[in-house]
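Student: Here you go, structure.txt (compact mmCIF, C-alpha atoms and all ligand atoms):
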# COMPACT_ATOMS: atom_id res chain seq x y z
CA MET A 8 25.35 23.34 3.40
CA ALA A 9 22.73 20.71 2.54
CA PHE A 10 21.39 19.64 -0.84
CA ASP A 11 17.95 18.60 -1.96
CA VAL A 12 17.19 15.39 -3.88
CA ASN A 13 18.20 16.94 -7.19
CA GLY A 14 21.61 17.83 -5.82
CA ASP A 15 20.68 21.55 -5.68
CA PRO A 16 21.32 23.50 -2.48
CA ALA A 17 18.29 22.90 -0.27
CA ILE A 18 15.96 25.86 0.15
CA LEU A 19 16.22 26.31 3.88
CA GLY A 20 15.24 28.92 6.40
CA GLY A 21 11.55 28.23 6.92
CA SER A 22 9.45 25.81 8.91
CA ARG A 23 9.36 23.00 6.41
CA GLY A 24 9.82 19.32 5.76
CA GLY A 25 11.58 17.54 2.95
CA MET A 26 14.39 15.45 1.61
CA VAL A 27 17.92 16.64 2.25
CA ARG A 28 21.10 15.03 0.99
CA PRO A 29 24.39 16.05 2.60
CA MET A 30 27.65 15.94 0.58
CA ASP A 31 28.35 12.28 1.36
CA GLY A 32 25.44 11.13 -0.81
CA THR A 33 23.29 9.80 2.03
CA CYS A 34 19.78 11.13 2.34
CA PHE A 35 17.52 12.19 5.18
CA PHE A 36 13.91 13.20 5.56
CA ILE A 37 13.52 16.22 7.79
CA ARG A 38 10.10 17.10 9.05
CA GLY A 39 8.55 20.18 10.50
CA GLU A 40 11.44 22.15 12.00
CA ARG A 41 13.07 25.48 11.26
CA TRP A 42 16.36 25.15 9.44
CA SER A 43 18.94 27.62 8.15
CA ASP A 44 22.04 26.76 6.16
CA GLU A 45 23.93 26.82 9.46
CA GLY A 46 21.80 23.90 10.64
CA LYS A 47 18.65 23.57 12.71
CA VAL A 48 17.20 26.71 14.29
CA GLY A 49 15.03 26.46 17.41
CA SER A 50 14.90 24.11 20.33
CA ALA A 51 12.56 21.31 19.26
CA THR A 52 14.05 18.03 18.05
CA ALA A 53 13.98 17.41 14.32
CA PHE A 54 12.57 14.16 13.03
CA VAL A 55 15.24 12.63 10.86
CA ARG A 56 14.79 9.38 8.98
CA ARG A 57 17.55 7.76 7.02
CA CYS A 58 16.51 6.66 3.56
CA SER A 59 18.02 4.93 0.57
CA ALA A 60 21.60 6.14 0.15
CA MET A 61 21.77 4.77 -3.39
CA SER A 62 18.80 6.56 -4.92
CA GLY A 63 18.31 9.42 -2.52
CA LYS A 64 14.62 8.51 -2.26
CA THR A 65 12.48 7.28 0.59
CA HIS A 66 11.15 3.74 0.45
CA ARG A 67 7.64 5.09 -0.12
CA GLU A 68 8.84 7.41 -2.87
CA GLU A 69 10.52 4.48 -4.67
CA ALA A 70 7.33 2.42 -4.45
CA ARG A 71 5.30 5.34 -5.83
CA ILE A 72 7.66 5.80 -8.80
CA LYS A 73 7.57 2.05 -9.58
CA ASN A 74 3.79 2.20 -9.44
CA GLU A 75 3.66 5.15 -11.81
CA GLU A 76 6.01 3.45 -14.28
CA SER A 77 3.82 0.34 -14.35
CA SER A 78 0.67 2.42 -14.71
CA MET A 79 2.24 4.31 -17.59
CA LYS A 80 3.09 1.08 -19.47
CA ILE A 81 -0.40 -0.27 -18.89
CA ARG A 82 -1.89 3.05 -20.03
CA ILE A 83 0.04 2.98 -23.32
CA ILE A 84 -1.05 -0.60 -24.05
CA TYR A 85 -4.59 0.35 -23.09
CA GLN A 86 -4.57 3.34 -25.47
CA ILE A 87 -3.47 1.14 -28.38
CA LEU A 88 -6.17 -1.42 -27.56
CA ASP A 89 -8.72 1.32 -27.02
CA PHE A 90 -8.02 2.57 -30.51
CA LEU A 91 -8.39 -0.94 -31.95
CA ALA A 92 -11.62 -1.41 -30.00
CA SER A 93 -13.01 1.88 -31.30
CA VAL A 94 -12.59 0.77 -34.90
CA LEU A 95 -14.01 -2.69 -34.22
CA PRO A 96 -17.78 -3.15 -33.75
CA GLY A 97 -19.48 -4.13 -30.53
CA LEU A 98 -19.43 -3.13 -26.87
CA TRP A 99 -18.24 -6.56 -25.76
CA ILE A 100 -14.94 -6.20 -27.56
CA ARG A 101 -14.40 -2.87 -25.81
CA VAL A 102 -15.30 -4.23 -22.38
CA ILE A 103 -13.08 -7.30 -22.69
CA LEU A 104 -10.14 -5.32 -23.98
CA MET A 105 -10.56 -2.63 -21.34
CA SER A 106 -10.92 -5.05 -18.45
CA ASN A 107 -7.71 -6.81 -19.50
CA PHE A 108 -5.71 -3.66 -18.96
CA MET A 109 -7.28 -2.13 -15.89
CA GLU A 110 -5.21 -2.52 -12.72
CA GLN A 111 -6.13 -5.45 -10.54
CA THR A 112 -5.36 -5.59 -6.83
CA LEU A 113 -5.72 -8.06 -3.99
CA VAL A 114 -7.55 -7.39 -0.74
CA LEU A 115 -7.69 -9.76 2.24
CA ILE A 116 -10.04 -9.14 5.14
CA LYS A 117 -7.99 -10.51 8.04
CA PRO A 118 -9.46 -12.61 10.87
CA ASP A 119 -10.19 -9.53 13.01
CA GLY A 120 -12.30 -8.02 10.18
CA VAL A 121 -14.28 -11.23 9.69
CA GLN A 122 -14.77 -11.79 13.44
CA ARG A 123 -15.97 -8.23 13.96
CA GLY A 124 -18.59 -8.57 11.21
CA LEU A 125 -17.06 -5.87 9.03
CA VAL A 126 -16.98 -7.76 5.72
CA GLY A 127 -20.09 -6.01 4.34
CA GLU A 128 -18.92 -2.56 5.42
CA ILE A 129 -15.49 -3.04 3.85
CA VAL A 130 -16.86 -4.42 0.57
CA ARG A 131 -19.41 -1.56 0.48
CA ARG A 132 -16.63 1.02 0.55
CA PHE A 133 -14.87 -0.52 -2.44
CA GLU A 134 -18.10 -0.91 -4.41
CA GLN A 135 -19.15 2.65 -3.68
CA ALA A 136 -15.82 3.96 -4.92
CA GLY A 137 -16.68 2.40 -8.29
CA LEU A 138 -14.27 -0.53 -8.20
CA LYS A 139 -15.27 -3.72 -9.98
CA MET A 140 -15.12 -6.94 -7.96
CA ILE A 141 -13.84 -9.76 -10.15
CA ALA A 142 -13.28 -12.43 -7.46
CA LEU A 143 -14.28 -13.05 -3.85
CA LYS A 144 -14.11 -16.04 -1.50
CA MET A 145 -13.75 -17.15 2.12
CA VAL A 146 -10.61 -19.16 2.81
CA HIS A 147 -9.12 -20.73 5.91
CA PRO A 148 -5.50 -20.32 4.82
CA SER A 149 -2.76 -22.87 5.22
CA HIS A 150 0.70 -22.04 6.54
CA GLU A 151 1.99 -22.25 2.95
CA ASP A 152 -0.65 -19.80 1.63
CA VAL A 153 0.34 -17.07 4.08
CA ASP A 154 4.03 -17.85 3.74
CA ARG A 155 3.79 -17.33 -0.03
CA HIS A 156 1.65 -14.23 0.34
CA TYR A 157 4.02 -12.29 2.64
CA ALA A 158 7.26 -12.68 0.66
CA LEU A 159 10.24 -11.80 2.86
CA THR A 160 11.79 -9.38 0.40
CA GLU A 161 14.45 -6.91 1.40
CA GLU A 162 12.09 -4.09 0.41
CA TRP A 163 9.22 -5.37 2.58
CA MET A 164 11.43 -5.98 5.63
CA GLN A 165 12.99 -2.55 5.28
CA GLY A 166 9.55 -0.95 4.90
CA VAL A 167 8.14 -2.69 7.98
CA PHE A 168 11.22 -1.69 10.02
CA ASN A 169 11.25 1.94 8.82
CA LYS A 170 7.54 2.53 9.46
CA ALA A 171 7.70 1.09 12.99
CA LYS A 172 10.94 2.89 13.89
CA ALA A 173 9.57 6.23 12.63
CA LYS A 174 6.57 5.84 14.96
CA TYR A 175 8.75 5.10 17.97
CA ASP A 176 11.10 8.00 17.09
CA ALA A 177 8.17 10.39 16.73
CA ARG A 178 7.00 9.44 20.24
CA GLY A 179 10.51 9.91 21.62
CA GLU A 180 10.75 6.19 22.44
CA THR A 181 13.64 3.86 21.73
CA PHE A 182 12.94 1.32 19.01
CA PRO A 183 14.16 -1.98 20.48
CA TYR A 184 15.38 -3.49 17.17
CA GLU A 185 18.49 -2.59 15.21
CA ASP A 186 18.25 -4.86 12.24
CA HIS A 187 15.42 -4.88 9.71
CA VAL A 188 15.89 -8.56 8.81
CA THR A 189 15.38 -9.78 12.39
CA TYR A 190 12.41 -7.42 12.78
CA GLY A 191 10.86 -8.32 9.40
CA LYS A 192 11.12 -12.06 10.13
CA GLU A 193 9.53 -11.56 13.56
CA ILE A 194 6.59 -9.63 12.06
CA LYS A 195 6.11 -12.19 9.32
CA ARG A 196 6.12 -15.07 11.84
CA GLY A 197 3.28 -13.38 13.75
CA LEU A 198 1.35 -12.65 10.55
CA VAL A 199 1.50 -16.27 9.42
CA GLU A 200 0.16 -17.47 12.78
CA PHE A 201 -2.59 -14.82 12.75
CA LEU A 202 -3.84 -15.31 9.20
CA LYS A 203 -3.94 -19.09 9.39
CA SER A 204 -5.84 -18.98 12.71
CA ALA A 205 -9.32 -18.45 11.19
CA PRO A 206 -11.18 -17.86 7.91
CA ILE A 207 -10.43 -14.72 5.95
CA ILE A 208 -11.98 -13.10 2.88
CA ALA A 209 -9.91 -12.80 -0.29
CA MET A 210 -10.99 -10.60 -3.18
CA VAL A 211 -9.67 -9.06 -6.36
CA LEU A 212 -10.82 -5.62 -7.41
CA GLU A 213 -10.28 -3.94 -10.72
CA GLY A 214 -10.29 -0.34 -11.87
CA GLU A 215 -8.36 2.72 -12.97
CA GLN A 216 -5.27 2.92 -10.72
CA ALA A 217 -6.97 0.44 -8.40
CA VAL A 218 -3.84 -0.32 -6.34
CA ALA A 219 -3.25 3.26 -5.17
CA LEU A 220 -6.98 3.95 -4.85
CA ILE A 221 -7.50 1.01 -2.52
CA ARG A 222 -4.46 1.90 -0.40
CA LYS A 223 -6.01 5.35 0.00
CA LEU A 224 -9.35 3.87 1.07
CA VAL A 225 -7.61 1.41 3.45
CA GLY A 226 -5.37 3.96 5.22
CA ALA A 227 -2.07 3.74 7.06
CA THR A 228 -0.75 0.55 8.63
CA GLU A 229 -1.27 1.71 12.24
CA PRO A 230 -5.01 2.22 12.82
CA ALA A 231 -4.50 4.85 15.53
CA GLY A 232 -2.58 6.96 13.02
CA ALA A 233 -4.75 6.18 9.98
CA ALA A 234 -6.77 9.13 8.65
CA PRO A 235 -10.47 9.44 9.48
CA GLY A 236 -12.55 8.31 6.51
CA THR A 237 -10.26 5.36 5.80
CA ILE A 238 -11.24 1.78 6.64
CA ARG A 239 -8.48 1.37 9.23
CA GLY A 240 -8.97 4.91 10.59
CA ASP A 241 -12.73 4.56 11.03
CA LEU A 242 -13.06 0.95 12.09
CA SER A 243 -9.99 0.00 14.14
CA LEU A 244 -7.75 1.44 16.89
CA ASP A 245 -4.63 -0.70 17.36
CA THR A 246 -1.11 0.75 17.77
CA TYR A 247 2.51 -0.29 17.18
CA ALA A 248 3.14 0.15 20.92
CA LEU A 249 0.34 -2.19 22.06
CA SER A 250 0.76 -4.86 19.38
CA ASN A 251 4.54 -5.01 19.85
CA ALA A 252 4.18 -5.16 23.64
CA GLN A 253 1.78 -8.09 23.15
CA ASN A 254 4.09 -9.66 20.56
CA ARG A 255 1.43 -9.96 17.83
CA PRO A 256 0.70 -8.29 14.47
CA ILE A 257 -1.16 -4.99 14.42
CA ARG A 258 -4.89 -5.72 14.10
CA ASN A 259 -5.76 -3.46 11.20
CA LEU A 260 -8.55 -5.51 9.55
CA ILE A 261 -7.27 -5.69 6.03
CA HIS A 262 -4.42 -6.33 3.64
CA ALA A 263 -4.20 -4.51 0.31
CA SER A 264 -1.43 -4.87 -2.28
CA GLY A 265 1.06 -2.01 -2.00
CA THR A 266 2.19 -1.85 -5.63
CA VAL A 267 1.16 -3.23 -9.03
CA GLU A 268 4.06 -5.73 -8.84
CA GLU A 269 2.96 -6.85 -5.37
CA ALA A 270 -0.60 -7.35 -6.67
CA GLN A 271 0.67 -9.43 -9.60
CA LYS A 272 2.55 -11.71 -7.19
CA GLU A 273 -0.21 -11.91 -4.58
CA ILE A 274 -3.30 -12.56 -6.74
CA PRO A 275 -2.12 -16.03 -7.93
CA VAL A 276 -1.53 -17.07 -4.30
CA TRP A 277 -5.29 -16.92 -3.70
CA PHE A 278 -6.97 -17.25 -7.12
CA THR A 279 -6.54 -19.27 -10.30
CA ASP A 280 -6.98 -17.51 -13.65
CA THR A 281 -10.42 -19.05 -14.12
CA GLU A 282 -11.60 -17.62 -10.79
CA LEU A 283 -10.95 -14.06 -12.04
CA HIS A 284 -14.23 -13.23 -13.76
CA LYS A 285 -14.56 -11.19 -16.92
CA TYR A 286 -17.99 -9.67 -17.15
CA GLU A 287 -19.73 -6.49 -18.16
CA HIS A 288 -20.52 -4.17 -15.27
CA VAL A 289 -22.58 -1.01 -15.69
CA ASN A 290 -19.58 0.97 -14.42
CA ASP A 291 -17.52 -0.24 -17.37
CA ARG A 292 -19.67 2.02 -19.49
CA VAL A 293 -20.56 4.84 -17.07
CA GLN A 294 -17.04 5.36 -15.79
CA TYR A 295 -14.82 4.37 -18.67
CA ASP A 296 -16.61 4.35 -22.04
CA PRO A 297 -16.12 7.76 -23.68
CA GLU A 298 -19.25 7.22 -25.79
CA TRP A 299 -21.72 5.81 -23.27
CA PHE A 300 -23.97 8.87 -23.06
CA LEU A 301 -24.03 9.26 -26.84
CA SER A 302 -25.52 5.84 -27.57
P1 LIG B 401 0.38 -2.87 5.25
O1 LIG B 401 0.78 -2.98 3.80
O2 LIG B 401 -0.13 -1.49 5.61
O3 LIG B 401 -0.58 -3.94 5.68
O4 LIG B 401 1.70 -3.07 6.13
P2 LIG B 401 3.01 -3.95 5.90
O5 LIG B 401 3.01 -4.65 4.60
O6 LIG B 401 4.18 -3.07 6.23
O7 LIG B 401 2.89 -5.02 7.08
C1 LIG B 401 2.00 -6.13 6.97
C2 LIG B 401 1.23 -6.28 8.25
O8 LIG B 401 2.14 -6.64 9.31
C3 LIG B 401 0.54 -5.04 8.77
O9 LIG B 401 -0.71 -4.81 8.18
C4 LIG B 401 0.43 -5.35 10.25
O10 LIG B 401 -0.67 -6.20 10.53
C5 LIG B 401 1.72 -6.10 10.53
N1 LIG B 401 2.81 -5.20 10.98
C6 LIG B 401 3.60 -4.46 10.16
N2 LIG B 401 4.53 -3.79 10.86
C7 LIG B 401 4.34 -4.14 12.16
C8 LIG B 401 5.01 -3.77 13.37
O11 LIG B 401 5.96 -3.00 13.40
N3 LIG B 401 4.54 -4.31 14.53
C9 LIG B 401 3.48 -5.18 14.55
N4 LIG B 401 3.11 -5.66 15.74
N5 LIG B 401 2.84 -5.55 13.43
C10 LIG B 401 3.25 -5.04 12.24
MG MG B 402 1.97 -4.40 2.82
If you took the structure in this file and wrote it as structure tokens, what would it be?

Tutor:
Amino acid sequence: MAFDVNGDPAILGGSRGGMVRPMDGTCFFIRGERWSDEGKVGSATAFVRRCSAMSGKTHREEARIKNEESSMKIRIIYQILDFLASVLPGLWIRVILMSNFMEQTLVLIKPDGVQRGLVGEIVRRFEQAGLKMIALKMVHPSHEDVDRHYALTEEWMQGVFNKAKAKYDARGETFPYEDHVTYGKEIKRGLVEFLKSAPIIAMVLEGEQAVALIRKLVGATEPAGAAPGTIRGDLSLDTYALSNAQNRPIRNLIHASGTVEEAQKEIPVWFTDTELHKYEHVNDRVQYDPEWFLS
């Protein structure tokens, strides 16, 4: 018998994917196979990924929940300020208050994006989505800049390891690393060398749920697996297999903060407070002001 994430018996017996937690409290993600409560039915191999034993949630799920919690706090503060702004006169007060509590996120166009002349195309996609650019510059980063930017946290190293291993597993190949710390450090070493090798573009974009929106527009880490319509899916083609064989980071054009907390840590690496511009954009009214068409 298996249990779902809530501890209830898992609904099994169909071709399905989902989280399953056996009695011992560990947790697995099972994708796309037929299961009964006797176990797996059918001949194909199930894709099983171990996830956090403590919380019973995948790494991605935990990041999503954290993101939602932050957004919720920001939303409550925003609603209070929105009320204050509505009883105070003047559009400027509204705009300044609103822009203080919109999500901000960091984007870097990596050396491959700059070298391939894709800066305009990438910026166009963010602008067309309605995001507000509040800072942009070209930087040739130092070792220290990149070192600060890619913090070697347990969460990041585990995420990098899990994503790569899942790809190898899905292709039926053996992942040559056993330990996420060794792997994470190796990936970071390559990233530092790559990002400091040539000028990059750094920018901060602002908007409603900007962090998640930009991750959606950017697409998955591996370009070959990134969905069509995303920046990485449309404009690049690299793979885990090729980049690892060549002992270099995946060339996927762009970095975008993964969570609100990540954005809050990353933005100050590249911009001072005074470089983050507060200004009125037509979208502030058209997209966010509930009264814009009445005035
Ligand atoms: P992102 O948030 O989608 O950019 O991905 P991560 O934060 O997990 O990783 C940061 C960057 O490291 C990625 O954009 C890739 O350029 C590179 N990278 C991550 N994982 C791997 C890997 O397993 N192999 C290689 N070669 N590069 C990787
Ligand atoms: Mg990342």

Student: What is the distance between atom CA of A:Ile238 and atom CA of A:Leu224, in Å to one decimal?

Tutor: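 Atom CA of A:Leu224 lies 6.2 Å from atom CA of A:Ile238.
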
Student: Considering all atoms listed in the file, tabulate each residue of chain A that lies at most 7 Å from ligand MG 402 (chain B) along with its nearest interatomic pair and the corresponding distance in Å to one decimal; arrange the rows by chain and ascending residue number and present them as JSON lines.

Tutor:
{"residue": "A:His262", "atom": "CA", "partner": "B:MG402", "partner_atom": "MG", "distance": 6.7}
{"residue": "A:Ala263", "atom": "CA", "partner": "B:MG402", "partner_atom": "MG", "distance": 6.7}
{"residue": "A:Ser264", "atom": "CA", "partner": "B:MG402", "partner_atom": "MG", "distance": 6.1}
{"residue": "A:Gly265", "atom": "CA", "partner": "B:MG402", "partner_atom": "MG", "distance": 5.5}

Student: Give me the residues near A:Glu229 as an MDAnalysis selection string, where near means some atom within 9 Å (using all atoms listed in the file) and where sequence neighbours in that chain fewer than 6 positions away do not count.

Tutor: chainID A and resid 239:240 244:247 257:259

Student: Using only C-alpha atoms and all ligand atoms, which of A:Ala142, A:Val225, A:Ile208, A:Ala234 sits nearest ligand LIG 401 (chain B)?

Tutor: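 Closest candidate: A:Val225.
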
Student: Under the rule that all atoms listed in the file are counted, which of A:Ala177, A:Leu249, A:Ala231, A:Ala205 is the nearest residue to ligand LIG 401 (chain B)?

Tutor: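 Using all atoms listed in the file, ligand LIG 401 (chain B) sits closest to A:Leu249.
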
Student: Which residue gives the smallest distance to A:Asp89 among A:Asp296, A:His147, A:Val199, A:Pro118, with all atoms listed in the file counted?

Tutor: A:Asp296

Student: As a PyMOL selection string, please: the residues near stretch 266-282 of chain A (cut-off 10 Å, all atoms listed in the file, same-chain neighbours under 2 positions excluded).

Tutor: chain A and resi 70-78+110-115+141-144+146+148+151-158+209-211+216-219+222+263-264+284-285

Student: What is the distance between atom CA of A:Ile84 and atom CA of A:Met109, in Å to one decimal?

Tutor: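 Interatomic distance here is 10.4 Å.
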